[in-house]
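Asker: Sharing a structure below in structure tokens format, with a few things to ask.
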Amino acid sequence: MLTIENIEVVYDTYVLVLKGLSLQVKSGAVTALLGANGAGKSTTLKAVSGLLASEEGEVTRGRITFDGVDITHMSPDRRVASGLVQVMEGRRIFQDLTVEENIRIGAFLEKDSRKIASRRELVYEYFPKLKERHTQVAGYLSGGEQQMLAIGRALMAGPRIMMLDEPSMGLSPLLVQEVCGIVRRLNREEGLTILLVEQNASFALAVADQGYVMEDGKVVLEGSGAELRGNQDVQEFYLGAGASERGRFSSVKWYRRKKRWV
Amino acid sequence: MSLDALISLCVSGIVVGSVYAMTAIGFVVIYKTTRVINFAQGELMMVGAYICLFLTVDYKLPFWAAFLMTGIVCALLGYVIERVVLRRVIGDPIVSVIMITLGLGIVLKAIVGAIFGVDVRVLPTPIPDGAVSIGGTPVSYHYLFSMAFSVLAMCAFAAFFRWSRLGLAMRATSSDQQAAMAMGVNVGQIFALSWAIACVVSAVGGMLIATINGVNLGVSAFGLKVFPVVILGGLDSIVGAAVGGVLIGVLENVADGVFKSVFDLDGFRDVAAFVVLVLVLMIRPYGLFGQHDIERI
Ligand SMILES: Nc1ncnc2c1ncn2[C@@H]1O[C@H](COP(=O)(O)OP(=O)(O)OP(=O)(O)O)[C@@H](O)[C@H]1O
Ligand SMILES: [Mg+2]
């Protein structure tokens, strides 16, 4: 459905951040993209949503296709209109607008008022807390509620692929569970295709059908969710297993693994 | 000084203040969405007044048709100014953007001066001469019309920003540009729209001033009053612009009257507004309604 082929992304005309990254998002699936800080996960999402241009970033090589259409250089609003919607890192809700207004702006490109009404109903059904607080200024919501609002706002755009950038960031374990459940429900019940970027690998791999691990601007590992969960490197680096074995040999192993990945 | 005189100063202050308020809204709209400080606001007022004059006197259009046409022409002008001039300097240092708006003002003034000359000309209007008495104070129909129109325009804007789809998109853009973009808002179009709105508002302000004072290049001096108004109200607050406009209008009128009658000093009107500006900057730099974290210019 969404294919990224060998893209290179450059910021400020000379900072090379993505170095030939390829991945595929299959229709109806949850695809996870994992990686350490600064690996280029957010950059990848911005390349797909077209927000790169607003940060002096540019795709200099390779291409991105959505349903066979080349979108590499399409304007961001046309990508949203075609069903590619990104929930940005750090929630980025409109702080000084009310909850209801945040929801309304999500459907900015939708002209059909019946569709807007039914989407709003869906959003409030998923997030009853938002309905309770719909007249409140969004900046006063708790972190968890803000994340729900960010997801709800994106749902209003009627996405075919929703790209979530670290939705678990700064949330308590219980709330991470809740977000996890919501992602799963959106995928199963609404048939929404999801591309999920995460640092929290145990959450991401718990819901993912397919996963990619990236490092330094490239994909270094890919496989089904189950494969990645079982992979020793992933377990060690991202799921926190094997920490006790890390005695004397750890530095040696680290070095070897890192080399293999880079 | 008698109470009657004071009341009358307040009334005329409110009238002029409501025009300031409306013009200041144009300034705030541009600042909120694009973070550009527009020093050409007064010249845009002047352009509006001259276009209206040209359409009524030279083209013999009825006043109301000319009024409407001026609005449309100025909307286009604002759109073009944004597209051609300001779009190129997005993200440039604030000082160079300020220089560009200053330059724009000078260019507009020169063009208008070259075409129309510098004499004061009367803008013919269908508004009758004469006055009504409000609480014992006579208020001329011209004043009444200006105030009514400004208040109406401000209500229309309030409704636009609160309920319309584009008004909401403008507020979203001013709150978080990139997030608005992620929701499919074409931010470039929103920028152009803010300039179009600001130009219309300024033009209307210019025309209203012209119905009272006549038309000459001096109309642009009213644009300077935008600064005390928005500094008082808060650079990023539309409500602040409205309240600040009326406050400054009343204050400068009363101060002027008081200085004239008590100290026999003339011309305190313009000084008063800027004394307020300096005081506000010292005491409450983000204005009465502005957000605290706003950067200073
Ligand atoms: N606007 C920008 N201009 C220049 N460099 C940037 C810009 N945005 C990101 N980078 C650089 O690109 C690299 C990848 O950043 P990116 O935000 O994509 O990482 P990430 O994988 O999302 O990290 P995190 O998990 O911390 O969010 C980093 O080294 C960062 O410094
Ligand atoms: Mg990131």
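We name chains A, B, ... following the order of the structure tokens; residues begin at 1 in each chain, and ligands are numbered from 1 as shown.
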Given a cut-off of 8 Å, which residues of chain A touch chain B, counting only C-alpha atoms, written out as a PyMOL selection string?

Answerer: chain A and resi 49+51+54+76-81+85-88+92-97+101+105-109+154+157

Asker: Distance limit 6 Å, reference ligand 1, atoms considered: only C-alpha atoms and all ligand atoms. Which residues make the cut? Give them as a compact mmCIF listing (two decimals) with N, CA, C and O atoms, in the first residue's frame.

Answerer:
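Contents of part.txt, as written:
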# COMPACT_ATOMS: atom_id res chain seq x y z
N TYR A 11 18.82 17.31 5.44
CA TYR A 11 18.34 18.55 6.07
C TYR A 11 19.31 19.67 5.74
O TYR A 11 20.52 19.45 5.69
N VAL A 17 20.49 12.39 6.65
CA VAL A 17 19.92 11.68 7.79
C VAL A 17 19.40 10.29 7.41
O VAL A 17 19.67 9.32 8.11
N ALA A 36 16.76 3.54 17.91
CA ALA A 36 17.21 4.36 19.02
C ALA A 36 16.97 5.84 18.72
O ALA A 36 16.57 6.20 17.61
N ASN A 37 17.25 6.69 19.68
CA ASN A 37 17.14 8.14 19.47
C ASN A 37 18.02 8.55 18.30
O ASN A 37 19.16 8.13 18.19
N GLY A 38 17.46 9.36 17.45
CA GLY A 38 18.25 9.91 16.36
C GLY A 38 18.48 8.96 15.20
O GLY A 38 19.25 9.26 14.29
N ALA A 39 17.80 7.81 15.21
CA ALA A 39 18.00 6.86 14.12
C ALA A 39 17.38 7.38 12.82
O ALA A 39 17.79 7.00 11.73
N GLY A 40 16.39 8.25 12.95
CA GLY A 40 15.74 8.80 11.75
C GLY A 40 14.31 8.34 11.58
O GLY A 40 13.73 8.45 10.49
N LYS A 41 13.70 7.87 12.66
CA LYS A 41 12.31 7.39 12.57
C LYS A 41 11.35 8.52 12.24
O LYS A 41 10.53 8.42 11.31
N SER A 42 11.45 9.60 13.00
CA SER A 42 10.54 10.72 12.74
C SER A 42 10.78 11.31 11.35
O SER A 42 9.83 11.69 10.66
N THR A 43 12.04 11.36 10.97
CA THR A 43 12.36 11.86 9.63
C THR A 43 11.67 11.02 8.56
O THR A 43 11.15 11.55 7.58
N GLU A 55 10.86 21.89 7.49
CA GLU A 55 12.06 21.89 8.34
C GLU A 55 13.31 21.92 7.49
O GLU A 55 14.36 21.44 7.90

Asker: Can you list, as a PyMOL selection string, every protein, DNA or RNA residue that comes within 8 Å of region 203-212 of chain A when you count only C-alpha atoms, leaving out same-chain residues fewer than 6 positions away?

Answerer: chain A and resi 23+29-34+176-177+180+183-184+196-197+219-226+228-229

Asker: Extract, using only C-alpha atoms, all DNA, RNA and protein residues at most 9 Å from Val204 (chain B), discarding same-chain residues fewer than 6 positions from it, and format them as a ChimeraX atom specification.

Answerer: /B:19,22-23,45,48-49,67,70-71,150

Asker: Which of region 43-265 of chain B end up as strand (DSSP E or B) when DSSP is run on this backbone - answer as a ChimeraX atom specification?

Answerer: /B:121,131-134,137-140,215

Asker: Per DSSP on the backbone, filter region 56-200 of chain A down to the residues in alpha helix (DSSP H) and report them as a PyMOL selection string.

Answerer: chain A and resi 76-81+99-106+113-126+128-132+143-156+173-189

Asker: One decimal, Å: what's the distance from CA of Val107 (chain B) over to CA of Gly188 (chain B), could you say?

Answerer: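 CA of Gly188 (chain B) lies at a distance of 24.3 Å from CA of Val107 (chain B).
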
Asker: Between A:Ser168, A:Ser118, A:Asn231, A:Thr135, which has the minimum distance to ligand 2 (counting only C-alpha atoms and all ligand atoms)?

Answerer: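 Distance minimum relative to ligand 2 lands on A:Ser168.
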